[in-house]
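Undergrad: So here's entry-v2.pdb, just PDB, C-alpha atoms:
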ATOM      1  CA  LEU I   1       0.000   0.000   0.000
ATOM      2  CA  ARG I   2       2.899   2.347   0.696
ATOM      3  CA  ASP I   3       4.129   1.793  -2.881
ATOM      4  CA  ARG I   4       0.693   2.755  -4.245
ATOM      5  CA  THR I   5       0.586   5.877  -2.084
ATOM      6  CA  GLN I   6       4.138   6.804  -3.090
ATOM      7  CA  ALA I   7       3.220   6.353  -6.773
ATOM      8  CA  ALA I   8       0.174   8.623  -6.322
ATOM      9  CA  PHE I   9       2.346  11.195  -4.538
ATOM     10  CA  ASP I  10       4.965  11.055  -7.302
ATOM     11  CA  CYS I  11       2.184  11.508  -9.873
ATOM     12  CA  LEU I  12       0.937  14.577  -7.954
ATOM     13  CA  ARG I  13       4.485  15.930  -7.834
ATOM     14  CA  LEU I  14       4.931  15.498 -11.600
ATOM     15  CA  VAL I  15       1.544  17.063 -12.366
ATOM     16  CA  TRP I  16       2.463  20.053 -10.176
ATOM     17  CA  GLN I  17       5.843  20.499 -11.831
ATOM     18  CA  GLU I  18       4.212  20.522 -15.262
ATOM     19  CA  LEU I  19       1.493  22.919 -14.112
ATOM     20  CA  VAL I  20       4.027  25.332 -12.589
ATOM     21  CA  VAL I  21       5.902  25.484 -15.906
ATOM     22  CA  GLU I  22       2.667  25.958 -17.863
ATOM     23  CA  LEU I  23       1.243  28.648 -15.574
ATOM     24  CA  SER I  24       4.550  30.501 -15.309
ATOM     25  CA  ARG I  25       4.863  30.562 -19.097
ATOM     26  CA  LYS I  26       1.322  31.945 -19.444
ATOM     27  CA  LEU I  27       1.225  34.375 -16.506
ATOM     28  CA  THR I  28       4.721  35.876 -16.321
ATOM     29  CA  PRO I  29       4.366  37.832 -19.595
ATOM     30  CA  LEU I  30       1.054  39.250 -18.305
ATOM     31  CA  ASP I  31       2.200  40.098 -14.779
ATOM     32  CA  SER I  32       5.803  39.600 -13.686
ATOM     33  CA  THR I  33       4.852  39.999 -10.007
ATOM     34  CA  VAL I  34       2.912  36.707 -10.023
ATOM     35  CA  VAL I  35       5.266  34.057  -8.695
ATOM     36  CA  ILE I  36       4.566  30.357  -9.117
ATOM     37  CA  GLU I  37       7.204  28.038  -7.693
ATOM     38  CA  TYR I  38       7.597  24.328  -7.016
ATOM     39  CA  ARG I  39       9.912  23.249  -4.198
ATOM     40  CA  SER I  40      10.702  19.677  -3.224
ATOM     41  CA  ILE I  41      11.301  19.319   0.514
ATOM     42  CA  ASN I  42      11.919  15.555   0.643
ATOM     43  CA  ASP I  43      10.396  12.291  -0.622
ATOM     44  CA  MET I  44       7.259  12.907   1.412
ATOM     45  CA  GLU I  45       6.686  16.663   1.069
ATOM     46  CA  PHE I  46       6.657  19.371  -1.563
ATOM     47  CA  HIS I  47       5.452  22.976  -1.702
ATOM     48  CA  ILE I  48       3.803  25.085  -4.374
ATOM     49  CA  ARG I  49       3.887  28.835  -3.926
ATOM     50  CA  PHE I  50       1.643  31.060  -5.969
ATOM     51  CA  SER I  51       1.495  34.690  -4.994
ATOM     52  CA  GLY I  52       0.743  34.852  -1.253
ATOM     53  CA  ASP I  53      -0.443  31.254  -0.932
ATOM     54  CA  LEU I  54       1.621  28.181  -0.213
ATOM     55  CA  LEU I  55       0.200  24.710  -0.728
ATOM     56  CA  VAL I  56       2.030  22.046   1.249
ATOM     57  CA  PHE I  57       1.546  18.448   0.125
ATOM     58  CA  VAL I  58       2.528  15.791   2.636
ATOM     59  CA  MET I  59       2.422  12.037   2.194
ATOM     60  CA  HIS I  60       1.994  10.282   5.522
ATOM     61  CA  SER I  61       4.026   7.161   6.201
ATOM     62  CA  ASN I  62       1.255   5.392   8.104
ATOM     63  CA  VAL I  63      -1.585   3.315   6.744
ATOM     64  CA  VAL I  64      -4.957   4.261   8.216
ATOM     65  CA  THR I  65      -8.498   2.965   8.407
ATOM     66  CA  PHE I  66     -11.758   4.539   9.532
ATOM     67  CA  PRO I  67     -14.923   3.703  11.460
ATOM     68  CA  ASP I  68     -17.456   1.640   9.495
ATOM     69  CA  ASP I  69     -19.756   4.626   8.920
ATOM     70  CA  TYR I  70     -17.114   7.103   7.717
ATOM     71  CA  GLY I  71     -16.461   8.226   4.131
ATOM     72  CA  PRO I  72     -15.924   5.316   1.759
ATOM     73  CA  MET I  73     -16.251   2.574   4.387
ATOM     74  CA  PRO I  74     -19.970   1.707   4.008
ATOM     75  CA  SER I  75     -19.700   1.369   0.200
ATOM     76  CA  LYS I  76     -20.176  -2.000  -1.505
ATOM     77  CA  TYR I  77     -16.771  -1.515  -3.135
ATOM     78  CA  VAL I  78     -14.949  -1.376   0.226
ATOM     79  CA  GLU I  79     -17.117  -4.067   1.806
ATOM     80  CA  ALA I  80     -16.317  -6.482  -1.056
ATOM     81  CA  ASP I  81     -12.629  -6.799  -0.078
ATOM     82  CA  PHE I  82     -11.322  -6.348   3.462
ATOM     83  CA  ARG I  83      -7.988  -5.008   2.147
ATOM     84  CA  ARG I  84      -9.822  -1.996   0.698
ATOM     85  CA  ARG I  85     -10.481  -0.752   4.254
ATOM     86  CA  PHE I  86      -6.883   0.473   4.558
ATOM     87  CA  PHE I  87      -5.497   3.636   3.029
ATOM     88  CA  GLY I  88      -2.358   5.587   2.459
ATOM     89  CA  HIS I  89      -3.072   9.296   2.675
ATOM     90  CA  ILE I  90      -1.819  12.530   1.221
ATOM     91  CA  MET I  91      -2.746  15.856   2.798
ATOM     92  CA  ALA I  92      -2.854  19.274   1.120
ATOM     93  CA  TYR I  93      -2.551  22.281   3.447
ATOM     94  CA  ASN I  94      -2.826  25.970   2.625
ATOM     95  CA  PHE I  95      -0.542  28.457   4.405
ATOM     96  CA  MET I  96       0.348  32.068   3.858
ATOM     97  CA  ALA I  97       3.673  31.886   2.011
ATOM     98  CA  ASP I  98       5.225  34.416   4.391
ATOM     99  CA  SER I  99       4.338  32.232   7.396
ATOM    100  CA  ILE I 100       6.819  29.623   6.202
ATOM    101  CA  LYS I 101       9.332  32.131   4.795
ATOM    102  CA  TYR I 102       9.581  34.016   8.095
ATOM    103  CA  GLN I 103       8.994  30.939  10.273
ATOM    104  CA  ARG I 104       6.020  32.437  12.069
ATOM    105  CA  LEU I 105       5.439  29.363  14.154
ATOM    106  CA  ASN I 106       2.019  30.364  15.447
ATOM    107  CA  ASP I 107       0.465  31.072  12.042
ATOM    108  CA  PRO I 108      -2.121  28.449  11.122
ATOM    109  CA  GLY I 109      -2.398  26.379   7.978
ATOM    110  CA  TYR I 110      -5.650  24.871   6.778
ATOM    111  CA  LEU I 111      -6.343  21.465   5.320
ATOM    112  CA  VAL I 112      -7.872  21.881   1.865
ATOM    113  CA  GLY I 113      -7.899  18.236   0.835
ATOM    114  CA  ARG I 114      -7.035  14.689   1.765
ATOM    115  CA  LEU I 115      -6.449  11.964  -0.792
ATOM    116  CA  LEU I 116      -6.937   8.394   0.449
ATOM    117  CA  VAL I 117      -5.307   5.684  -1.683
ATOM    118  CA  ASN I 118      -6.187   2.002  -1.421
ATOM    119  CA  ILE I 119      -4.479  -1.228  -2.427
ATOM    120  CA  ASN I 120      -6.199  -1.237  -5.841
ATOM    121  CA  ASN I 121      -4.850   2.230  -6.715
ATOM    122  CA  HIS I 122      -8.287   3.748  -6.264
ATOM    123  CA  TYR I 123      -8.808   6.944  -4.323
ATOM    124  CA  PHE I 124     -11.279   8.758  -2.126
ATOM    125  CA  LEU I 125     -10.914  12.529  -2.043
ATOM    126  CA  GLU I 126     -12.307  14.716   0.695
ATOM    127  CA  GLY I 127     -11.832  18.343   1.511
ATOM    128  CA  VAL I 128     -13.234  21.820   1.684
ATOM    129  CA  GLN I 129     -16.350  22.615  -0.288
ATOM    130  CA  GLN I 130     -14.401  24.638  -2.857
ATOM    131  CA  LEU I 131     -12.684  21.462  -4.066
ATOM    132  CA  GLU I 132     -15.848  20.847  -6.110
ATOM    133  CA  LEU I 133     -15.339  17.132  -5.725
ATOM    134  CA  PRO I 134     -16.577  14.758  -8.405
ATOM    135  CA  ASP I 135     -18.784  11.799  -7.551
ATOM    136  CA  ASN I 136     -16.698  10.061  -4.929
ATOM    137  CA  ASP I 137     -17.412   6.421  -5.738
ATOM    138  CA  MET I 138     -14.083   4.717  -5.081
ATOM    139  CA  SER I 139     -14.889   1.895  -7.464
ATOM    140  CA  ASP I 140     -14.662   4.410 -10.347
ATOM    141  CA  ASN I 141     -11.843   6.599  -8.987
ATOM    142  CA  LEU I 142      -8.550   5.321 -10.361
ATOM    143  CA  ILE I 143      -5.345   7.299  -9.802
ATOM    144  CA  THR I 144      -4.238   8.754 -13.149
ATOM    145  CA  PRO I 145      -2.373  11.913 -14.138
ATOM    146  CA  ASP I 146      -5.716  13.451 -15.164
ATOM    147  CA  THR I 147      -7.396  12.755 -11.820
ATOM    148  CA  MET I 148      -4.341  14.028  -9.939
ATOM    149  CA  LYS I 149      -4.393  17.192 -12.080
ATOM    150  CA  LEU I 150      -8.027  17.691 -11.027
ATOM    151  CA  PHE I 151      -6.964  17.422  -7.368
ATOM    152  CA  VAL I 152      -4.113  19.887  -7.937
ATOM    153  CA  GLU I 153      -6.272  22.460  -9.729
ATOM    154  CA  SER I 154      -9.041  22.102  -7.164
ATOM    155  CA  ALA I 155      -6.565  22.626  -4.314
ATOM    156  CA  MET I 156      -5.308  25.819  -5.969
ATOM    157  CA  ILE I 157      -8.843  27.138  -6.444
ATOM    158  CA  ALA I 158      -9.749  26.245  -2.854
ATOM    159  CA  ALA I 159      -6.627  28.021  -1.581
ATOM    160  CA  VAL I 160      -7.379  31.174  -3.550
ATOM    161  CA  ASN I 161     -11.065  31.153  -2.589
ATOM    162  CA  ASN I 162     -10.382  30.464   1.081
ATOM    163  CA  ASP I 163      -8.577  33.536   2.248
ATOM    164  CA  LEU I 164      -6.674  32.571   5.335
ATOM    165  CA  ILE I 165      -8.564  33.487   8.454
ATOM    166  CA  ALA I 166      -7.056  35.895  10.968
ATOM    167  CA  PRO I 167      -7.599  34.999  14.619
ATOM    168  CA  PRO I 168     -10.372  36.793  16.510
ATOM    169  CA  LEU I 169      -9.214  39.858  18.455
ATOM    170  CA  PRO I 170      -9.583  38.234  21.917
ATOM    171  CA  GLU I 171      -7.069  35.555  20.883
ATOM    172  CA  ILE I 172      -4.373  38.086  20.003
ATOM    173  CA  GLN I 173      -4.965  40.832  22.592
ATOM    174  CA  LYS I 174      -2.301  39.423  24.892
ATOM    175  CA  ILE I 175       1.174  38.379  23.760
ATOM    176  CA  SER I 176       4.292  37.283  25.600
ATOM    177  CA  VAL I 177       7.662  38.989  25.398
ATOM    178  CA  LYS I 178       8.859  35.955  23.439
ATOM    179  CA  GLN I 179       6.106  36.487  20.849
ATOM    180  CA  LYS I 180       6.960  40.180  20.620
ATOM    181  CA  LEU I 181      10.654  39.410  20.078
ATOM    182  CA  GLU I 182       9.786  36.768  17.447
ATOM    183  CA  ASN I 183       7.604  39.320  15.636
ATOM    184  CA  GLN I 184      10.370  41.928  15.826
ATOM    185  CA  GLN I 185      12.844  39.503  14.218
ATOM    186  CA  VAL I 186      10.367  38.742  11.442
ATOM    187  CA  SER I 187       9.859  42.400  10.577
ATOM    188  CA  ARG I 188      13.565  42.964   9.924
TER     189      ARG I 188
END
Step by step, read the file and then write its structure as structure tokens.
TA:
Amino acid sequence: LRDRTQAAFDCLRLVWQELVVELSRKLTPLDSTVVIEYRSINDMEFHIRFSGDLLVFVMHSNVVTFPDDYGPMPSKYVEADFRRRFFGHIMAYNFMADSIKYQRLNDPGYLVGRLLVNINNHYFLEGVQQLELPDNDMSDNLITPDTMKLFVESAMIAAVNNDLIAPPLPEIQKISVKQKLENQQVSR
């Protein structure tokens, strides 16, 4: 199952690299301030930066399962083969690009999507409403470059449409000296 998840992650990585080249070629002549970058962190993580957003894709090393009533579990497809109850998973998080650049450790990131991969190389995709997910019948959802491109494009749209949420005033009214010093270092 890890090999299937790694193959899906590598497919996502390749789709992103191609999309970054394509978008950069199209957008840079129109607006040179729009930055689209791909950055490999390691075998299990890569980042895509576009303008102020940063999408972080992380492949988890663990295999997971879920309660019988969650997501794909009650489907006939999963019930037909016990091995289909186990999944590798890939998470897509949205951060403000500057949060990572300046190592603002308290800035939040938000999950925009999770891709679950099973032993048959089928997937179940869940995430924020803006992902505009297709019919999520795992029996029909095979990992291909086209389906991974759909996930990638949907994650970008969700990131752009979901402006990152600032904390409510009561949560930031009081700060420690450490937080103040960290903020001072960031502003340099």
Undergrad: Go ahead and compute the interatomic distance for CA of Met96 in chain I and CA of Asp53 in chain I, in Å to one decimal.
TA: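 Going from CA of Met96 in chain I over to CA of Asp53 in chain I, I get 4.9 Å.
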Undergrad: Provide the CA of Arg49 in chain I to CA of Gly127 in chain I distance in Å, to one decimal place.
TA: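 For CA of Arg49 in chain I relative to CA of Gly127 in chain I, the distance reads 19.7 Å.
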Undergrad: Smallest atom-to-atom distance to Ser154 in chain I: which of I:Val112, I:Val117, I:Ala80, I:Leu181, using only C-alpha atoms?
TA: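 For Ser154 in chain I, the nearest of the candidates is I:Val112.
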Undergrad: Can you work out which one of I:Ile172, I:Leu1, I:Ile48, I:Val177 has the shortest atom-to-atom distance to Val15 in chain I, counting all atoms listed in the file?
TA: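 Of the candidates, the smallest distance to Val15 in chain I is held by I:Ile48.
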Undergrad: With distances taken over all atoms listed in the file, which of I:Leu111, I:Met138, I:Phe124, I:Ser51 is nearest to Asp98 in chain I?
TA: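 Residue with the minimum atom-to-atom distance to Asp98 in chain I: I:Ser51.
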Undergrad: So which residues touch His89 in chain I within 8 Å, counting all atoms listed in the file, skipping near sequence neighbours fewer than 6 positions away, as a list of chain:residue names?
TA: I:Thr5, I:Met59, I:His60, I:Asn62, I:Val63, I:Val64, I:Arg114, I:Leu115, I:Leu116, I:Val117
Undergrad: Would you write out those residues with C-alpha atoms, as a short mmCIF file (atom, residue, chain, number, x, y, z; two decimals), in the frame of the given file?
TA:
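As written to disk, part10.cif reads:
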data_model
loop_
_atom_site.label_atom_id
_atom_site.label_comp_id
_atom_site.auth_asym_id
_atom_site.auth_seq_id
_atom_site.Cartn_x
_atom_site.Cartn_y
_atom_site.Cartn_z
CA THR I 5 0.59 5.88 -2.08
CA MET I 59 2.42 12.04 2.19
CA HIS I 60 1.99 10.28 5.52
CA ASN I 62 1.25 5.39 8.10
CA VAL I 63 -1.58 3.32 6.74
CA VAL I 64 -4.96 4.26 8.22
CA ARG I 114 -7.04 14.69 1.76
CA LEU I 115 -6.45 11.96 -0.79
CA LEU I 116 -6.94 8.39 0.45
CA VAL I 117 -5.31 5.68 -1.68
#
Undergrad: Taking only C-alpha atoms into account, name the residue in I:Lys180, I:Lys149, I:Arg104, I:Lys26 that is nearest to Leu14 in chain I.
TA: I:Lys149
Undergrad: Which residues would end up in the selection if the PyMOL selection byres ((chain I and resi 106) around 12) were applied here, given that I need the answer as a list of chain:residue names?
TA: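 For this structure, the PyMOL selection byres ((chain I and resi 106) around 12) resolves to I:Phe95, I:Met96, I:Ser99, I:Ile100, I:Tyr102, I:Gln103, I:Arg104, I:Leu105, I:Asp107, I:Pro108, I:Gly109, I:Ala166, I:Pro167, I:Glu171, I:Ile172, I:Ile175, I:Lys178, I:Gln179, I:Glu182, I:Asn183.
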Undergrad: Given the choices I:Val78, I:Leu30, I:Leu19, I:Ile143, which gets closest to Phe66 in chain I if the distance is worked out from only C-alpha atoms?
TA: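 Selected residue with least distance to Phe66 in chain I: I:Val78.
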Undergrad: Complete the atoms of range 99-117 of chain I to N, CA, C and O atoms and put them out as a short mmCIF file (atom, residue, chain, number, x, y, z; two decimals), keeping the file's coordinate frame.
TA:
data_model
loop_
_atom_site.label_atom_id
_atom_site.label_comp_id
_atom_site.auth_asym_id
_atom_site.auth_seq_id
_atom_site.Cartn_x
_atom_site.Cartn_y
_atom_site.Cartn_z
N SER I 99 4.30 32.96 6.12
CA SER I 99 4.34 32.23 7.40
C SER I 99 5.51 31.25 7.41
O SER I 99 6.21 31.11 8.41
N ILE I 100 5.71 30.58 6.30
CA ILE I 100 6.82 29.62 6.20
C ILE I 100 8.13 30.37 6.00
O ILE I 100 9.13 30.09 6.65
N LYS I 101 8.11 31.36 5.11
CA LYS I 101 9.33 32.13 4.80
C LYS I 101 9.94 32.74 6.06
O LYS I 101 11.14 32.69 6.28
N TYR I 102 9.09 33.34 6.90
CA TYR I 102 9.58 34.02 8.10
C TYR I 102 9.47 33.16 9.35
O TYR I 102 9.69 33.64 10.46
N GLN I 103 9.10 31.90 9.17
CA GLN I 103 8.99 30.94 10.27
C GLN I 103 8.13 31.47 11.41
O GLN I 103 8.50 31.41 12.59
N ARG I 104 6.97 31.98 11.05
CA ARG I 104 6.02 32.44 12.07
C ARG I 104 5.30 31.20 12.60
O ARG I 104 4.31 30.74 12.03
N LEU I 105 5.84 30.67 13.66
CA LEU I 105 5.44 29.36 14.15
C LEU I 105 4.00 29.29 14.62
O LEU I 105 3.42 28.20 14.67
N ASN I 106 3.39 30.40 14.97
CA ASN I 106 2.02 30.36 15.45
C ASN I 106 0.98 30.59 14.35
O ASN I 106 -0.21 30.52 14.61
N ASP I 107 1.42 30.87 13.13
CA ASP I 107 0.46 31.07 12.04
C ASP I 107 -0.16 29.74 11.64
O ASP I 107 0.55 28.74 11.49
N PRO I 108 -1.47 29.70 11.47
CA PRO I 108 -2.12 28.45 11.12
C PRO I 108 -2.05 28.13 9.63
O PRO I 108 -1.90 29.01 8.78
N GLY I 109 -2.17 26.86 9.33
CA GLY I 109 -2.40 26.38 7.98
C GLY I 109 -3.72 25.65 7.99
O GLY I 109 -4.20 25.25 9.06
N TYR I 110 -4.33 25.49 6.84
CA TYR I 110 -5.65 24.87 6.78
C TYR I 110 -5.64 23.72 5.79
O TYR I 110 -5.15 23.86 4.66
N LEU I 111 -6.21 22.61 6.21
CA LEU I 111 -6.34 21.46 5.32
C LEU I 111 -7.35 21.80 4.22
O LEU I 111 -8.47 22.20 4.51
N VAL I 112 -6.93 21.67 2.96
CA VAL I 112 -7.87 21.88 1.86
C VAL I 112 -8.31 20.56 1.24
O VAL I 112 -9.38 20.49 0.65
N GLY I 113 -7.50 19.52 1.39
CA GLY I 113 -7.90 18.24 0.84
C GLY I 113 -7.08 17.09 1.37
O GLY I 113 -5.93 17.26 1.78
N ARG I 114 -7.72 15.92 1.37
CA ARG I 114 -7.04 14.69 1.76
C ARG I 114 -7.37 13.63 0.73
O ARG I 114 -8.54 13.39 0.41
N LEU I 115 -6.32 13.01 0.21
CA LEU I 115 -6.45 11.96 -0.79
C LEU I 115 -6.14 10.63 -0.13
O LEU I 115 -5.04 10.44 0.39
N LEU I 116 -7.12 9.73 -0.12
CA LEU I 116 -6.94 8.39 0.45
C LEU I 116 -6.72 7.42 -0.70
O LEU I 116 -7.50 7.41 -1.66
N VAL I 117 -5.67 6.61 -0.61
CA VAL I 117 -5.31 5.68 -1.68
C VAL I 117 -5.39 4.26 -1.14
O VAL I 117 -4.84 3.96 -0.09
#
